[in-house]
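Shown next, in structure tokens, is the structure this report addresses.
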Amino acid sequence: MNRSPDELLFPSGLSFAARLRRARRVAGLEQETLAIRAGLSVATVRQLERGEQRHPYPATIRALANALGLTPSERAALVGTPPKRGSPRPASPPAAAAGLGLPIPATPIFGRDDDLAAVTALLHHPDTRLVTLTGPGGVGKTRLALQIAVQLEGTFADGARFVPLAAIREPGLVASTIADALGLAEAGGRAPIDRLADALTDRHLLLVLDNFEHLLDAATIATSLLARCPNLVILATSRAPLRLTDEHEMAVLPLPVPDPAHLPPTGELATMAAVQIFVQRAQAVDPGFALTTENAGAVAGICHRLDGLPLAIELAAARATQFTPAALLPRLARRLEILTAGSPDAPARHHTLRDAIAWSHDLLTTEEQALFRRLAVFAGGFTLEAASAVAVTGRRGALAGITALAENQLVGPVESADPIPRFTMLETIREYAEERLAERGEEIAAGSAHAAWCLTLAEDAEPHLLGPDQISFLDRLEAELSNLRAALRWFQHTGDAAGGLRLATALWTFWVIHDRAPEGRRWLQTFLDREQEIPDERARALVALGDLEERLGEYDAAAAHLDEAIVLARISGALTCEAAALRVRGNVAISQGEVARDLHDDDPGAEQEFARAEALLERSQTLAEQAGDAWGMAKAKHWLGIVALERKDLATALAVHEVALEEFRRLGDQRQICMVVGNIGGIAAPAGDVERARTALAESLLLADRLRYRWWVGWCLDHLGCLAVDTGDDGRGARLFGAAAALRPATGEPVRSGVARMRAAYIERIEANLGAAAAAAALQDGAERPLDESIADALAGVGSV
């Protein structure tokens, strides 16, 4: 009996898996070689030959047939073997032909399990007909859409079809491009949209339209098709939403990135999607590459610096043969210059990172492009108000422009509890905007506008930092800290010492409360060294500098700067400034007295400094009263209470503090209430009033935590630790001492000498009671606990007193 040649190769009755194995062996290929030739993974070939994949995609079969070199008849026999997907339909149009499958993904997909689940669930809902995946260029929208199509193809009777739109530029060509991709023939001059609708009217099909953002004028084609084809579902990818009525937009976000400052163990790091992409791509060009303890930090830094953008990470990893991760990381300070080695078979818009961003940029109007590049001056995000200050179009134009930039994924919202909406740019996109800004020669104008806005923000906030709205204004300044730092650098770079001095001085209270005394001191000193011509501004800055130096234990420098401030303020007749300089100088004298007493308990120099402090503070109080400065009067009164405390006059200290506290409660200054109440607790404990000490220290601790005043949180924990030991809870006392000590390095402020002596004495008591080993363990336990747990521990101890 004669048999056809294809029967000789594929005997009847063989499964697809068996036929594939037979074809491969006849061709003399190993599984690995076939996989390489077909552009598949070895795992895929193995699964197909074992029968584990019962429904191979048409494109997969086509790739295998090409790799095996099958004749047309052999190819037809192989292609016809697998069971068809869905219910068979008679008279299927060309769109359902086996040759029109999905593209084969070139790389695995990482970190998109939640996105896959969410979109798949949405597409399974009967009321969902149109889903658009939006996100910035290079975030992986196309790869995600393809994976979704691959997973859902079998659930649609007519499968899924993928239509790339990036190559066309005319919205009028969209319908014909879709028709061509589906294999629809011309039909007597009929409109492409009608040919599409007729061909798809009865089809149960998932249609993937990739890269729609530059063709939004043609988006109504989707509406028309959905209206005329009741079983059609469309999945689109676009950097901007299509703005259609029934559209469901799903944002594709950059991948989570590791924090280089707090790296997890290497094994855990290796499970992060961003790191997996880097490693997989690096191994594609350098098979010997591996994630190790030695290079893990640099790889994490690369992923972090590239904002978790898969395209950027892939481009960086492609440099693995040229640079080690440690060598590559610093070169990414200018990302766009080095990330230029895309795969030649990648879309043109993905050949370089700059190309990916330029694609979105070129879709903007001229006015939107102008706003985009001017927004490059912002660091760490911006509000609409801030954008309006640097835009040339005003607030209304800035709002419209930001809306357009957000729709094109060039800016995005910042998640925050703050009711003021905030936006940000990925650093890779911001770098591109900076290039465009420099290209247009607009750096000076934009930088100056940004710095002026920051100065206005800080000076407007300054008086509120001493009143009832203190916390909200502190939070606003904290949110804008990166911008404030950028403005300070701008003033320094442009030689505007007067502007820089005003800004650094306006932030004085912010530097203190948010534990940035060293940074504030550096900026003030930088601009004071350059600005000598404005006496009143210089005097205010010297007061701020002297205060920060006192906090850092630099008493001699503080005294010298404050003495100069007193003279300058007196010359210019600035009573409030002179009162402030005298007040802070009095505080320096208190600290110098503490140092003298630490050296010798009976050193007469200590009392001399306390007497000097008393005189300075009384003079300050008088001048503040003359100037109508109620806050300055209360603060001088507070520090006079500290003088009494240093002299061991507890009754006077307590009485003076209570007067100051009443005034600060009236003024609403939460920080001063926090400190004065804490001092009252510190006075009450040695005076024997444990209940008052407990109440006062608890109030002070809670206020300090609300203010994010970490240095004072540590002060409270130390004093509550003493209270715990005094009431027999040595373990809790040790934990609180450990927690307080762990806080201090981040604040930059040293522990005060009086507190240091107190801590040492109490820790000796704990060691005597618990033993050195148990005491050390409790101290370490407190140091390692999260701050909120330590605060809860302290308050629990207070409640048990």
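Naming scheme: A, B, ... for chains in displayed order of the structure tokens; residues 1 onward per chain; ligands 1 onward as shown.
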
Restrict the calculation to only C-alpha atoms, then for each residue of segment 250-328 of chain A with any atom at most 8 Å from an atom of segment 425-428 of chain A give the closest atom pair and their distance in Å to one decimal, rows by chain and rising residue number, as CSV.
```
residue,atom,partner,partner_atom,distance
A:Arg305,CA,A:Glu427,CA,7.7
A:Leu306,CA,A:Thr428,CA,6.5
A:Asp307,CA,A:Leu426,CA,6.4
```

Using all heavy atoms, can you export the residues from the last selection as an mmCIF file, in the first residue's frame?
```cif
data_model
loop_
_atom_site.group_PDB
_atom_site.id
_atom_site.type_symbol
_atom_site.label_atom_id
_atom_site.label_comp_id
_atom_site.auth_asym_id
_atom_site.auth_seq_id
_atom_site.Cartn_x
_atom_site.Cartn_y
_atom_site.Cartn_z
ATOM 1 N N ARG A 305 17.694 53.541 40.817
ATOM 2 C CA ARG A 305 17.992 54.755 40.044
ATOM 3 C C ARG A 305 17.193 54.806 38.751
ATOM 4 O O ARG A 305 16.899 55.888 38.240
ATOM 5 C CB ARG A 305 19.492 54.825 39.746
ATOM 6 C CG ARG A 305 19.924 56.110 39.072
ATOM 7 C CD ARG A 305 21.419 56.328 39.169
ATOM 8 N NE ARG A 305 21.824 56.646 40.520
ATOM 9 C CZ ARG A 305 23.076 56.905 40.882
ATOM 10 N NH1 ARG A 305 24.053 56.871 39.991
ATOM 11 N NH2 ARG A 305 23.378 57.195 42.130
ATOM 12 N N LEU A 306 16.812 53.659 38.229
ATOM 13 C CA LEU A 306 16.061 53.600 36.978
ATOM 14 C C LEU A 306 14.562 53.518 37.219
ATOM 15 O O LEU A 306 13.805 53.166 36.306
ATOM 16 C CB LEU A 306 16.545 52.417 36.141
ATOM 17 C CG LEU A 306 18.012 52.526 35.698
ATOM 18 C CD1 LEU A 306 18.428 51.296 34.913
ATOM 19 C CD2 LEU A 306 18.250 53.786 34.884
ATOM 20 N N ASP A 307 14.126 53.828 38.427
ATOM 21 C CA ASP A 307 12.703 54.006 38.736
ATOM 22 C C ASP A 307 11.874 52.749 38.543
ATOM 23 O O ASP A 307 10.652 52.823 38.434
ATOM 24 C CB ASP A 307 12.091 55.121 37.880
ATOM 25 C CG ASP A 307 12.746 56.473 38.106
ATOM 26 O OD1 ASP A 307 12.938 56.840 39.268
ATOM 27 O OD2 ASP A 307 13.076 57.150 37.114
#
```

Shell of 7 Å around Arg597 of chain A, only C-alpha atoms, local chain residues under 5 positions omitted, as a PyMOL selection string
chain A and resi 602-603+606

Print the selection's residues with N, CA and C atoms to a file, as an mmCIF file, in the first residue's frame.
```
data_model
loop_
_atom_site.group_PDB
_atom_site.id
_atom_site.type_symbol
_atom_site.label_atom_id
_atom_site.label_comp_id
_atom_site.auth_asym_id
_atom_site.auth_seq_id
_atom_site.Cartn_x
_atom_site.Cartn_y
_atom_site.Cartn_z
ATOM 1 N N ASP A 602 32.017 72.047 91.822
ATOM 2 C CA ASP A 602 32.004 73.318 92.549
ATOM 3 C C ASP A 602 32.718 74.426 91.782
ATOM 4 N N ASP A 603 32.861 74.270 90.497
ATOM 5 C CA ASP A 603 33.548 75.277 89.676
ATOM 6 C C ASP A 603 32.746 76.577 89.704
ATOM 7 N N ALA A 606 30.720 77.907 86.628
ATOM 8 C CA ALA A 606 29.369 77.486 86.278
ATOM 9 C C ALA A 606 28.358 78.540 86.716
#
```

From A:Gln280, A:Gln525, A:Asn66, A:Asn587, residue lying nearest Glu550 of chain A [only C-alpha atoms]:
A:Asn587

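For the residues A:Leu474, A:Ala386, A:Ile642, A:Glu480, ranking by smallest atom-to-atom distance to Trp453 of chain A using only C-alpha atoms places A:Ala386 first.
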
When you look at Cys674 of chain A with a cut-off of 6 Å (counting only C-alpha atoms), what residues show up, excluding the ones that are within fewer than 4 positions of it in the same chain? I need them as a VMD selection string.
chain A and resid 670 700 703

Keeping only N, CA and C atoms, take the residues you just selected and write them out as an mmCIF file, in the first residue's frame.
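This went into selection10.cif:
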```cif
data_model
loop_
_atom_site.group_PDB
_atom_site.id
_atom_site.type_symbol
_atom_site.label_atom_id
_atom_site.label_comp_id
_atom_site.auth_asym_id
_atom_site.auth_seq_id
_atom_site.Cartn_x
_atom_site.Cartn_y
_atom_site.Cartn_z
ATOM 1 N N GLN A 670 2.908 74.320 69.436
ATOM 2 C CA GLN A 670 2.949 72.940 69.913
ATOM 3 C C GLN A 670 4.353 72.509 70.337
ATOM 4 N N SER A 700 4.253 65.287 76.591
ATOM 5 C CA SER A 700 5.390 65.778 75.817
ATOM 6 C C SER A 700 5.810 64.785 74.749
ATOM 7 N N LEU A 703 3.279 64.753 71.830
ATOM 8 C CA LEU A 703 3.422 65.961 71.013
ATOM 9 C C LEU A 703 4.679 65.902 70.153
#
```

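Every protein, DNA or RNA residue with an atom at most 10 Å from Ala326 of chain A, where only C-alpha atoms count and chain neighbours fewer than 4 positions away do not, is listed here: Glu294, Asn295, Ala296, Gly297, Ala298, Val299, Gly301, Ile302, Pro330 and Arg331 of chain A.
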
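Straight-line separation from atom CA of Pro164 of chain A to atom CA of Ala316 of chain A: 25.7 Å.
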
Could you name the residues that touch Pro105 of chain A at 8 Å or less, counting only C-alpha atoms, but leaving out those on the same chain fewer than 5 positions away, as a ChimeraX atom specification?
/A:143,146-147

Any idea what's packed within 10 Å of Ser472 of chain A, counting only C-alpha atoms, ignoring anything in its chain fewer than 5 positions away? Could you give it as a ChimeraX atom specification?
/A:418,461,464-465,477-478,707

With N, CA and C atoms retained, export the selected residues as a PDB file, in the first residue's frame.
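The result, stored in again_26.pdb:
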```pdb
ATOM      1  N   ASP A 418      -2.067  64.254  52.314  1.00  0.00           N
ATOM      2  CA  ASP A 418      -2.186  65.699  52.179  1.00  0.00           C
ATOM      3  C   ASP A 418      -3.334  66.030  51.229  1.00  0.00           C
ATOM      4  N   ALA A 461       5.649  80.601  55.361  1.00  0.00           N
ATOM      5  CA  ALA A 461       5.442  79.588  56.401  1.00  0.00           C
ATOM      6  C   ALA A 461       6.072  79.977  57.729  1.00  0.00           C
ATOM      7  N   HIS A 464       4.089  80.959  60.837  1.00  0.00           N
ATOM      8  CA  HIS A 464       3.165  79.891  61.238  1.00  0.00           C
ATOM      9  C   HIS A 464       3.868  78.765  61.982  1.00  0.00           C
ATOM     10  N   LEU A 465       5.191  78.720  61.896  1.00  0.00           N
ATOM     11  CA  LEU A 465       5.940  77.667  62.591  1.00  0.00           C
ATOM     12  C   LEU A 465       6.021  77.913  64.093  1.00  0.00           C
ATOM     13  N   LEU A 477       6.532  71.981  54.440  1.00  0.00           N
ATOM     14  CA  LEU A 477       7.961  72.184  54.170  1.00  0.00           C
ATOM     15  C   LEU A 477       8.679  70.846  54.007  1.00  0.00           C
ATOM     16  N   GLU A 478       8.279  69.856  54.785  1.00  0.00           N
ATOM     17  CA  GLU A 478       8.899  68.535  54.649  1.00  0.00           C
ATOM     18  C   GLU A 478       8.602  67.959  53.267  1.00  0.00           C
ATOM     19  N   LEU A 707       4.912  66.077  66.084  1.00  0.00           N
ATOM     20  CA  LEU A 707       5.751  67.079  65.422  1.00  0.00           C
ATOM     21  C   LEU A 707       6.870  66.456  64.590  1.00  0.00           C
TER      22      LEU A 707
END
```

May I ask for the distance between atom CA of Arg752 of chain A and atom CA of Leu640 of chain A, given in Å to one decimal place?
17.8 Å

Long-range neighbours of Ala449 of chain A as an mmCIF file with N, CA, C and O atoms, in the first residue's frame, 8 Å cut-off, only C-alpha atoms, 3 positions minimum in chain:
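result-v8.cif written:
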```
data_model
loop_
_atom_site.group_PDB
_atom_site.id
_atom_site.type_symbol
_atom_site.label_atom_id
_atom_site.label_comp_id
_atom_site.auth_asym_id
_atom_site.auth_seq_id
_atom_site.Cartn_x
_atom_site.Cartn_y
_atom_site.Cartn_z
ATOM 1 N N ALA A 389 3.873 78.651 39.254
ATOM 2 C CA ALA A 389 4.920 79.650 39.484
ATOM 3 C C ALA A 389 6.027 79.588 38.440
ATOM 4 O O ALA A 389 6.675 80.594 38.158
ATOM 5 N N VAL A 390 6.275 78.416 37.871
ATOM 6 C CA VAL A 390 7.342 78.305 36.881
ATOM 7 C C VAL A 390 6.803 78.230 35.459
ATOM 8 O O VAL A 390 7.555 78.380 34.501
ATOM 9 N N ALA A 445 15.832 81.127 33.502
ATOM 10 C CA ALA A 445 14.472 81.611 33.782
ATOM 11 C C ALA A 445 13.706 80.636 34.663
ATOM 12 O O ALA A 445 13.068 81.022 35.652
ATOM 13 N N ALA A 446 13.759 79.354 34.329
ATOM 14 C CA ALA A 446 13.012 78.361 35.094
ATOM 15 C C ALA A 446 13.609 78.184 36.491
ATOM 16 O O ALA A 446 12.877 78.089 37.487
ATOM 17 N N ALA A 452 12.580 81.404 43.481
ATOM 18 C CA ALA A 452 11.743 82.474 44.040
ATOM 19 C C ALA A 452 10.493 81.888 44.686
ATOM 20 O O ALA A 452 10.061 82.347 45.759
ATOM 21 N N TRP A 453 9.913 80.868 44.049
ATOM 22 C CA TRP A 453 8.728 80.227 44.647
ATOM 23 C C TRP A 453 9.084 79.572 45.978
ATOM 24 O O TRP A 453 8.338 79.678 46.951
#
```

Rounded to one decimal, what separation in Å do you get between atom CA of Thr403 of chain A and atom CA of Arg334 of chain A?
27.7 Å

Pick out each residue of segment 490-523 of chain A that DSSP on the backbone tags as helix (DSSP H, G or I); I need them as a PyMOL selection string.
chain A and resi 490-494+497-506+508-513+517-523

Could you write out that same residue set with N, CA and C atoms as a tab-separated table (two decimals), in the first residue's frame?
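This is the output file again07.tsv:
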```tsv
chain	number	residue	atom	x	y	z
A	490	TRP	N	20.64	76.40	44.05
A	490	TRP	CA	20.54	77.38	42.97
A	490	TRP	C	21.12	78.73	43.42
A	491	PHE	N	20.71	79.17	44.62
A	491	PHE	CA	21.24	80.44	45.12
A	491	PHE	C	22.76	80.37	45.26
A	492	GLN	N	23.25	79.23	45.71
A	492	GLN	CA	24.70	79.06	45.84
A	492	GLN	C	25.38	79.09	44.48
A	493	HIS	N	24.81	78.37	43.51
A	493	HIS	CA	25.40	78.26	42.17
A	493	HIS	C	25.40	79.60	41.45
A	494	THR	N	24.33	80.37	41.64
A	494	THR	CA	24.22	81.64	40.92
A	494	THR	C	24.85	82.80	41.68
A	497	ALA	N	23.81	85.20	47.32
A	497	ALA	CA	23.96	84.90	48.74
A	497	ALA	C	22.82	85.50	49.56
A	498	ALA	N	22.32	86.67	49.15
A	498	ALA	CA	21.22	87.29	49.90
A	498	ALA	C	19.97	86.42	49.85
A	499	GLY	N	19.63	85.90	48.66
A	499	GLY	CA	18.47	85.01	48.54
A	499	GLY	C	18.66	83.73	49.33
A	500	GLY	N	19.86	83.15	49.24
A	500	GLY	CA	20.14	81.93	49.97
A	500	GLY	C	20.07	82.14	51.47
A	501	LEU	N	20.56	83.31	51.94
A	501	LEU	CA	20.54	83.60	53.37
A	501	LEU	C	19.12	83.75	53.87
A	502	ARG	N	18.28	84.42	53.07
A	502	ARG	CA	16.87	84.56	53.46
A	502	ARG	C	16.19	83.21	53.57
A	503	LEU	N	16.43	82.33	52.60
A	503	LEU	CA	15.79	81.03	52.60
A	503	LEU	C	16.27	80.17	53.76
A	504	ALA	N	17.57	80.09	53.96
A	504	ALA	CA	18.11	79.26	55.05
A	504	ALA	C	17.64	79.77	56.41
A	505	THR	N	17.51	81.09	56.55
A	505	THR	CA	17.06	81.67	57.82
A	505	THR	C	15.57	81.42	58.05
A	506	ALA	N	14.78	81.55	56.98
A	506	ALA	CA	13.34	81.31	57.11
A	506	ALA	C	13.04	79.88	57.55
A	508	TRP	N	14.79	78.19	59.76
A	508	TRP	CA	15.42	77.95	61.05
A	508	TRP	C	14.62	76.99	61.94
A	509	THR	N	13.35	77.32	62.17
A	509	THR	CA	12.54	76.47	63.05
A	509	THR	C	12.34	75.08	62.45
A	510	PHE	N	12.19	75.02	61.13
A	510	PHE	CA	12.08	73.72	60.45
A	510	PHE	C	13.35	72.89	60.65
A	511	TRP	N	14.52	73.52	60.48
A	511	TRP	CA	15.78	72.78	60.69
A	511	TRP	C	15.79	72.14	62.08
A	512	VAL	N	15.30	72.88	63.08
A	512	VAL	CA	15.36	72.41	64.47
A	512	VAL	C	14.36	71.26	64.70
A	513	ILE	N	13.10	71.52	64.39
A	513	ILE	CA	12.06	70.57	64.78
A	513	ILE	C	12.18	69.26	64.00
A	517	ALA	N	19.49	70.10	62.18
A	517	ALA	CA	20.36	71.17	62.65
A	517	ALA	C	21.70	71.20	61.89
A	518	PRO	N	22.36	70.06	61.66
A	518	PRO	CA	23.64	70.13	60.94
A	518	PRO	C	23.49	70.70	59.52
A	519	GLU	N	22.43	70.31	58.83
A	519	GLU	CA	22.22	70.82	57.48
A	519	GLU	C	21.93	72.31	57.49
A	520	GLY	N	21.07	72.76	58.40
A	520	GLY	CA	20.77	74.19	58.50
A	520	GLY	C	22.01	75.00	58.83
A	521	ARG	N	22.82	74.49	59.74
A	521	ARG	CA	24.07	75.18	60.09
A	521	ARG	C	24.98	75.34	58.87
A	522	ARG	N	25.09	74.28	58.05
A	522	ARG	CA	25.96	74.34	56.87
A	522	ARG	C	25.49	75.41	55.88
A	523	TRP	N	24.18	75.44	55.62
A	523	TRP	CA	23.68	76.42	54.66
A	523	TRP	C	23.83	77.84	55.18
```

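Distance annotation: of A:Ser482, A:Thr220, A:Thr456, A:Thr60, the residue with the minimal separation from Ala38 of chain A is A:Thr60; atom set is only C-alpha atoms.
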